[in-house]
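K.L.:
The structure file run27.pdb (PDB, C-alpha atoms) is provided below.
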ATOM      1  CA  MET U   1      85.376  85.738 113.020  1.00  0.00           C
ATOM      2  CA  PRO U   2      86.967  83.172 110.657  1.00  0.00           C
ATOM      3  CA  GLN U   3      87.922  86.009 108.308  1.00  0.00           C
ATOM      4  CA  SER U   4      89.750  87.899 111.067  1.00  0.00           C
ATOM      5  CA  LEU U   5      91.367  84.652 112.219  1.00  0.00           C
ATOM      6  CA  ALA U   6      92.707  84.066 108.706  1.00  0.00           C
ATOM      7  CA  ARG U   7      93.931  87.676 108.571  1.00  0.00           C
ATOM      8  CA  TYR U   8      95.835  87.289 111.863  1.00  0.00           C
ATOM      9  CA  ALA U   9      97.295  83.923 110.818  1.00  0.00           C
ATOM     10  CA  SER U  10      98.530  85.359 107.523  1.00  0.00           C
ATOM     11  CA  LEU U  11      99.947  88.422 109.316  1.00  0.00           C
ATOM     12  CA  LEU U  12     101.862  86.171 111.725  1.00  0.00           C
ATOM     13  CA  ILE U  13     103.264  83.975 108.954  1.00  0.00           C
ATOM     14  CA  ILE U  14     104.309  86.956 106.827  1.00  0.00           C
ATOM     15  CA  LEU U  15     105.973  88.748 109.748  1.00  0.00           C
ATOM     16  CA  LEU U  16     107.798  85.601 110.876  1.00  0.00           C
ATOM     17  CA  LEU U  17     109.078  84.960 107.350  1.00  0.00           C
ATOM     18  CA  ILE U  18     110.253  88.559 106.926  1.00  0.00           C
ATOM     19  CA  GLN U  19     111.948  88.452 110.326  1.00  0.00           C
ATOM     20  CA  ILE U  20     113.684  85.117 109.684  1.00  0.00           C
ATOM     21  CA  LEU U  21     114.670  85.637 106.053  1.00  0.00           C
ATOM     22  CA  ILE U  22     115.468  89.353 105.997  1.00  0.00           C
ATOM     23  CA  CYS U  23     115.533  91.206 109.314  1.00  0.00           C
ATOM     24  CA  ASN U  24     117.687  88.708 111.215  1.00  0.00           C
ATOM     25  CA  HIS U  25     120.464  89.322 108.675  1.00  0.00           C
ATOM     26  CA  ILE U  26     120.381  93.127 108.927  1.00  0.00           C
ATOM     27  CA  ILE U  27     122.286  95.051 111.549  1.00  0.00           C
ATOM     28  CA  LEU U  28     122.472  98.755 110.710  1.00  0.00           C
ATOM     29  CA  PHE U  29     125.756 100.408 111.660  1.00  0.00           C
ATOM     30  CA  GLY U  30     126.557  97.372 113.787  1.00  0.00           C
ATOM     31  CA  VAL U  31     124.039  98.350 116.462  1.00  0.00           C
ATOM     32  CA  ALA U  32     120.428  98.473 115.188  1.00  0.00           C
ATOM     33  CA  MET U  33     118.581  95.260 114.424  1.00  0.00           C
ATOM     34  CA  PRO U  34     115.036  95.525 113.019  1.00  0.00           C
ATOM     35  CA  ILE U  35     112.543  93.476 114.990  1.00  0.00           C
ATOM     36  CA  ILE U  36     109.160  93.557 113.290  1.00  0.00           C
ATOM     37  CA  PHE U  37     107.499  90.263 114.197  1.00  0.00           C
ATOM     38  CA  ILE U  38     106.442  91.661 117.596  1.00  0.00           C
ATOM     39  CA  TYR U  39     103.959  93.835 115.689  1.00  0.00           C
ATOM     40  CA  PHE U  40     101.730  90.756 115.651  1.00  0.00           C
ATOM     41  CA  ILE U  41     101.668  90.653 119.464  1.00  0.00           C
ATOM     42  CA  MET U  42     100.996  94.376 119.677  1.00  0.00           C
ATOM     43  CA  ARG U  43      98.186  94.147 117.128  1.00  0.00           C
ATOM     44  CA  LEU U  44      96.194  91.416 118.920  1.00  0.00           C
ATOM     45  CA  PRO U  45      92.813  92.663 120.210  1.00  0.00           C
ATOM     46  CA  MET U  46      92.790  93.789 123.836  1.00  0.00           C
ATOM     47  CA  GLY U  47      89.675  91.706 124.432  1.00  0.00           C
ATOM     48  CA  LEU U  48      91.395  88.477 123.394  1.00  0.00           C
ATOM     49  CA  ASN U  49      91.763  85.911 126.183  1.00  0.00           C
ATOM     50  CA  VAL U  50      95.118  86.228 127.939  1.00  0.00           C
ATOM     51  CA  LYS U  51      95.813  82.508 127.504  1.00  0.00           C
ATOM     52  CA  TRP U  52      95.612  82.864 123.719  1.00  0.00           C
ATOM     53  CA  VAL U  53      97.808  85.967 123.738  1.00  0.00           C
ATOM     54  CA  LEU U  54     100.446  84.178 125.820  1.00  0.00           C
ATOM     55  CA  LEU U  55     100.317  81.045 123.672  1.00  0.00           C
ATOM     56  CA  LEU U  56     100.570  82.933 120.370  1.00  0.00           C
ATOM     57  CA  SER U  57     103.363  85.133 121.717  1.00  0.00           C
ATOM     58  CA  PHE U  58     105.346  82.191 123.040  1.00  0.00           C
ATOM     59  CA  ILE U  59     104.969  80.250 119.773  1.00  0.00           C
ATOM     60  CA  SER U  60     106.023  83.217 117.642  1.00  0.00           C
ATOM     61  CA  GLY U  61     109.079  83.799 119.852  1.00  0.00           C
ATOM     62  CA  LEU U  62     109.905  80.088 119.782  1.00  0.00           C
ATOM     63  CA  VAL U  63     109.787  80.017 115.974  1.00  0.00           C
ATOM     64  CA  ILE U  64     112.235  82.933 115.859  1.00  0.00           C
ATOM     65  CA  ASP U  65     114.434  81.175 118.440  1.00  0.00           C
ATOM     66  CA  ILE U  66     114.542  78.003 116.363  1.00  0.00           C
ATOM     67  CA  PHE U  67     115.645  79.818 113.222  1.00  0.00           C
ATOM     68  CA  SER U  68     117.933  82.326 114.964  1.00  0.00           C
ATOM     69  CA  ASP U  69     119.820  79.927 117.237  1.00  0.00           C
ATOM     70  CA  THR U  70     118.852  81.893 120.335  1.00  0.00           C
ATOM     71  CA  PRO U  71     117.622  79.289 122.830  1.00  0.00           C
ATOM     72  CA  GLY U  72     114.603  80.779 124.560  1.00  0.00           C
ATOM     73  CA  VAL U  73     115.578  84.453 124.362  1.00  0.00           C
ATOM     74  CA  ASN U  74     112.813  85.488 121.959  1.00  0.00           C
ATOM     75  CA  ALA U  75     110.218  83.159 123.480  1.00  0.00           C
ATOM     76  CA  LEU U  76     110.782  84.681 126.923  1.00  0.00           C
ATOM     77  CA  SER U  77     110.849  88.248 125.614  1.00  0.00           C
ATOM     78  CA  CYS U  78     107.640  87.722 123.621  1.00  0.00           C
ATOM     79  CA  THR U  79     105.892  86.160 126.599  1.00  0.00           C
ATOM     80  CA  ILE U  80     106.885  89.069 128.843  1.00  0.00           C
ATOM     81  CA  ILE U  81     105.597  91.708 126.407  1.00  0.00           C
ATOM     82  CA  ALA U  82     102.411  89.661 126.040  1.00  0.00           C
ATOM     83  CA  ILE U  83     101.965  89.882 129.804  1.00  0.00           C
ATOM     84  CA  LEU U  84     102.729  93.618 129.887  1.00  0.00           C
ATOM     85  CA  ARG U  85     100.791  94.745 126.794  1.00  0.00           C
ATOM     86  CA  ARG U  86      97.456  95.188 128.571  1.00  0.00           C
ATOM     87  CA  PRO U  87      98.842  97.146 131.596  1.00  0.00           C
ATOM     88  CA  ILE U  88     100.878  99.371 129.276  1.00  0.00           C
ATOM     89  CA  PHE U  89      97.850  99.885 127.057  1.00  0.00           C
ATOM     90  CA  LYS U  90      95.737 100.859 130.077  1.00  0.00           C
ATOM     91  CA  LEU U  91      98.502 103.174 131.282  1.00  0.00           C
ATOM     92  CA  TYR U  92      98.289 105.232 128.097  1.00  0.00           C
ATOM     93  CA  THR U  93      94.527 105.014 127.517  1.00  0.00           C
ATOM     94  CA  GLY U  94      93.485 105.637 131.111  1.00  0.00           C
ATOM     95  CA  GLY U  95      92.056 102.148 131.561  1.00  0.00           C
ATOM     96  CA  ASP U  96      88.649 103.033 130.146  1.00  0.00           C
ATOM     97  CA  GLU U  97      86.283 100.199 129.356  1.00  0.00           C
ATOM     98  CA  ILE U  98      85.791 101.810 125.919  1.00  0.00           C
ATOM     99  CA  PHE U  99      89.133 100.386 124.869  1.00  0.00           C
ATOM    100  CA  SER U 100      88.557  96.855 126.179  1.00  0.00           C
ATOM    101  CA  ASN U 101      87.854  95.345 122.739  1.00  0.00           C
ATOM    102  CA  VAL U 102      89.974  97.671 120.640  1.00  0.00           C
ATOM    103  CA  ILE U 103      92.655  96.478 118.247  1.00  0.00           C
ATOM    104  CA  PRO U 104      95.661  98.712 118.918  1.00  0.00           C
ATOM    105  CA  SER U 105      96.533 100.702 115.801  1.00  0.00           C
ATOM    106  CA  ILE U 106      97.157 104.251 114.657  1.00  0.00           C
ATOM    107  CA  SER U 107      93.544 104.520 113.523  1.00  0.00           C
ATOM    108  CA  SER U 108      92.050 103.362 116.832  1.00  0.00           C
ATOM    109  CA  LEU U 109      94.386 105.148 119.263  1.00  0.00           C
ATOM    110  CA  GLY U 110      95.799 108.079 117.358  1.00  0.00           C
ATOM    111  CA  GLY U 111      99.429 108.579 116.433  1.00  0.00           C
ATOM    112  CA  VAL U 112     100.855 109.774 119.743  1.00  0.00           C
ATOM    113  CA  MET U 113      99.150 107.236 121.994  1.00  0.00           C
ATOM    114  CA  TYR U 114      99.942 104.385 119.604  1.00  0.00           C
ATOM    115  CA  ALA U 115     103.574 105.514 119.344  1.00  0.00           C
ATOM    116  CA  LYS U 116     103.905 105.437 123.149  1.00  0.00           C
ATOM    117  CA  TYR U 117     102.405 101.946 123.233  1.00  0.00           C
ATOM    118  CA  VAL U 118     104.691 100.647 120.455  1.00  0.00           C
ATOM    119  CA  ILE U 119     107.857 102.268 121.784  1.00  0.00           C
ATOM    120  CA  SER U 120     107.226 100.972 125.314  1.00  0.00           C
ATOM    121  CA  LEU U 121     106.662  97.367 124.260  1.00  0.00           C
ATOM    122  CA  THR U 122     109.521  97.453 121.759  1.00  0.00           C
ATOM    123  CA  PHE U 123     111.881  98.867 124.386  1.00  0.00           C
ATOM    124  CA  ILE U 124     110.902  96.141 126.867  1.00  0.00           C
ATOM    125  CA  TYR U 125     111.405  93.467 124.201  1.00  0.00           C
ATOM    126  CA  CYS U 126     114.834  94.842 123.211  1.00  0.00           C
ATOM    127  CA  LEU U 127     115.892  95.304 126.833  1.00  0.00           C
ATOM    128  CA  LEU U 128     115.049  91.704 127.680  1.00  0.00           C
ATOM    129  CA  GLY U 129     116.322  90.233 124.434  1.00  0.00           C
ATOM    130  CA  PHE U 130     119.700  91.943 124.371  1.00  0.00           C
ATOM    131  CA  SER U 131     120.236  91.576 128.140  1.00  0.00           C
ATOM    132  CA  LEU U 132     119.657  87.835 127.895  1.00  0.00           C
ATOM    133  CA  ASP U 133     121.732  87.590 124.739  1.00  0.00           C
ATOM    134  CA  TYR U 134     124.731  89.417 126.223  1.00  0.00           C
ATOM    135  CA  PHE U 135     124.216  88.002 129.731  1.00  0.00           C
ATOM    136  CA  THR U 136     127.094  90.097 131.054  1.00  0.00           C
ATOM    137  CA  LEU U 137     127.742  93.664 132.085  1.00  0.00           C
ATOM    138  CA  ALA U 138     131.207  93.690 130.517  1.00  0.00           C
ATOM    139  CA  HIS U 139     129.935  95.510 127.424  1.00  0.00           C
ATOM    140  CA  LEU U 140     127.187  97.539 129.090  1.00  0.00           C
ATOM    141  CA  SER U 141     127.578 100.661 126.943  1.00  0.00           C
ATOM    142  CA  ARG U 142     127.447  98.673 123.678  1.00  0.00           C
ATOM    143  CA  MET U 143     124.415  96.757 124.919  1.00  0.00           C
ATOM    144  CA  LEU U 144     122.589  99.987 125.850  1.00  0.00           C
ATOM    145  CA  VAL U 145     123.322 101.484 122.440  1.00  0.00           C
ATOM    146  CA  LYS U 146     121.996  98.334 120.763  1.00  0.00           C
ATOM    147  CA  ILE U 147     118.857  98.426 122.882  1.00  0.00           C
ATOM    148  CA  LEU U 148     118.143 102.078 122.125  1.00  0.00           C
ATOM    149  CA  CYS U 149     118.978 101.924 118.409  1.00  0.00           C
ATOM    150  CA  SER U 150     117.034  98.716 117.864  1.00  0.00           C
ATOM    151  CA  THR U 151     114.064 100.176 119.749  1.00  0.00           C
ATOM    152  CA  VAL U 152     114.046 103.288 117.567  1.00  0.00           C
ATOM    153  CA  LEU U 153     114.462 101.359 114.301  1.00  0.00           C
ATOM    154  CA  SER U 154     111.931  98.658 115.181  1.00  0.00           C
ATOM    155  CA  SER U 155     109.366 101.148 116.467  1.00  0.00           C
ATOM    156  CA  ALA U 156     109.664 103.211 113.300  1.00  0.00           C
ATOM    157  CA  LEU U 157     109.225 100.109 111.137  1.00  0.00           C
ATOM    158  CA  ILE U 158     106.235  98.905 113.164  1.00  0.00           C
ATOM    159  CA  MET U 159     104.596 102.331 112.922  1.00  0.00           C
ATOM    160  CA  GLY U 160     105.265 102.299 109.185  1.00  0.00           C
ATOM    161  CA  ILE U 161     103.754  98.837 108.761  1.00  0.00           C
ATOM    162  CA  ASP U 162     100.680  99.880 110.729  1.00  0.00           C
ATOM    163  CA  GLY U 163     100.398 103.038 108.640  1.00  0.00           C
ATOM    164  CA  LEU U 164     100.512 100.988 105.448  1.00  0.00           C
ATOM    165  CA  ILE U 165      97.861  98.594 106.713  1.00  0.00           C
ATOM    166  CA  TRP U 166      95.709 101.485 107.918  1.00  0.00           C
ATOM    167  CA  ASN U 167      95.969 103.321 104.584  1.00  0.00           C
ATOM    168  CA  LYS U 168      95.186 100.097 102.714  1.00  0.00           C
ATOM    169  CA  HIS U 169      91.963  99.504 104.668  1.00  0.00           C
ATOM    170  CA  LYS U 170      90.929 103.171 104.703  1.00  0.00           C
TER     171      LYS U 170
END
The structure given in the file should be rewritten as structure tokens.

P.N.:
Amino acid sequence: MPQSLARYASLLIILLLIQILICNHIILFGVAMPIIFIYFIMRLPMGLNVKWVLLLSFISGLVIDIFSDTPGVNALSCTIIAILRRPIFKLYTGGDEIFSNVIPSISSLGGVMYAKYVISLTFIYCLLGFSLDYFTLAHLSRMLVKILCSTVLSSALIMGIDGLIWNKHK
């Protein structure tokens, strides 16, 4: 257990640093922002106590908020996807008890099921984050384009990161 705890702690620190130092300064074509730190929330074991998932999600979102000057937007969005990750996971896996202690990844779920899981949570995060950031319907079309493009880019990056980790451990 201490070895997996150290692995998760290092994953969180690395993802937060990449998000703060690199990804927050990239906006492709003026609409797509890569959001990769939520991979940590998605990767947490399904059997982990909900209190720990909520606490870790809130803290990771709060760290991004502090360094991105977005008061509470990321913390709220991370907390919401932490709440919804288990129901969305059960939606795609059928709610079997077999998956109760699984760590969501391409290797454990398969490509299609994992892609649905990642895209759903990423879309919810982007929808909440950009809606709270804009906080107006004056630029609805631009906001929707940002949500969709950021979801596609972030989901692709998260799938790529998981593929690299899976190939490394294979």

K.L.:
Excluding Leu28 of chain U and any residue of its chain fewer than 5 positions from it, enumerate the residues within 10 Å of it, using all atoms listed in the file, and give them as a list in words.

P.N.:
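Residues meeting the cut-off are Met33, Pro34, Cys149, Ser150 and Leu153 of chain U.
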
K.L.:
Counting only C-alpha atoms, find the residues whose atoms lie at most 6 Å from (108.2, 86.6, 123.5) (file coordinates) and write them out as a list in words.

P.N.:
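So the residues meeting the distance criterion are Ser57, Phe58, Gly61, Asn74, Ala75, Leu76, Ser77, Cys78 and Thr79 of chain U.
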
K.L.:
Check the smallest atom-to-atom distance from each of U:Asn24, U:Ser120, U:Ser100, U:Ser141 to Asp69 of chain U using only C-alpha atoms, then report the winner.

P.N.:
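Among the listed residues, U:Asn24 lies closest to Asp69 of chain U.
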
K.L.:
Segment 26-108 of chain U near segment 112-115 of chain U within 8 Å: what's each residue's closest atom pair and its distance in Å to one decimal, counting all atoms listed in the file, ordered by chain then ascending residue number, as CSV?

P.N.:
residue,atom,partner,partner_atom,distance
U:Tyr92,CA,U:Met113,CA,6.5
U:Thr93,CA,U:Met113,CA,7.5
U:Pro104,CA,U:Tyr114,CA,7.1
U:Ser105,CA,U:Tyr114,CA,6.3
U:Ile106,CA,U:Tyr114,CA,5.7

K.L.:
Taking the file as shown, what set of residues would the PyMOL selection byres ((chain U and resi 50-53) around 12) give back, as a list of chain:residue names?

P.N.:
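So the PyMOL selection byres ((chain U and resi 50-53) around 12) ends up selecting U:Phe40, U:Ile41, U:Met42, U:Arg43, U:Leu44, U:Pro45, U:Met46, U:Gly47, U:Leu48, U:Asn49, U:Leu54, U:Leu55, U:Leu56, U:Ser57, U:Phe58, U:Ile59, U:Ser60, U:Cys78, U:Thr79, U:Ile80, U:Ile81, U:Ala82, U:Ile83, U:Leu84, U:Arg85, U:Arg86.
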
K.L.:
List as a PDB file with C-alpha atoms, in the coordinates of the input the protein and nucleic acid residues near Phe67 of chain U, meaning an atom at most 12 Å away when all atoms listed in the file are counted, but skip any in the same chain fewer than 2 places from it.

P.N.:
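Writing done, so here's part-v7.pdb:
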ATOM      1  CA  LEU U  16     107.798  85.601 110.876  1.00  0.00           C
ATOM      2  CA  LEU U  17     109.078  84.960 107.350  1.00  0.00           C
ATOM      3  CA  GLN U  19     111.948  88.452 110.326  1.00  0.00           C
ATOM      4  CA  ILE U  20     113.684  85.117 109.684  1.00  0.00           C
ATOM      5  CA  LEU U  21     114.670  85.637 106.053  1.00  0.00           C
ATOM      6  CA  ILE U  22     115.468  89.353 105.997  1.00  0.00           C
ATOM      7  CA  ASN U  24     117.687  88.708 111.215  1.00  0.00           C
ATOM      8  CA  HIS U  25     120.464  89.322 108.675  1.00  0.00           C
ATOM      9  CA  SER U  60     106.023  83.217 117.642  1.00  0.00           C
ATOM     10  CA  GLY U  61     109.079  83.799 119.852  1.00  0.00           C
ATOM     11  CA  LEU U  62     109.905  80.088 119.782  1.00  0.00           C
ATOM     12  CA  VAL U  63     109.787  80.017 115.974  1.00  0.00           C
ATOM     13  CA  ILE U  64     112.235  82.933 115.859  1.00  0.00           C
ATOM     14  CA  ASP U  65     114.434  81.175 118.440  1.00  0.00           C
ATOM     15  CA  ASP U  69     119.820  79.927 117.237  1.00  0.00           C
ATOM     16  CA  THR U  70     118.852  81.893 120.335  1.00  0.00           C
ATOM     17  CA  PRO U  71     117.622  79.289 122.830  1.00  0.00           C
ATOM     18  CA  GLY U  72     114.603  80.779 124.560  1.00  0.00           C
ATOM     19  CA  ASN U  74     112.813  85.488 121.959  1.00  0.00           C
TER      20      ASN U  74
END

K.L.:
At what distance in Å, to one decimal, does atom CA of Met159 of chain U lie from atom CA of Ile26 of chain U?

P.N.:
18.7 Å
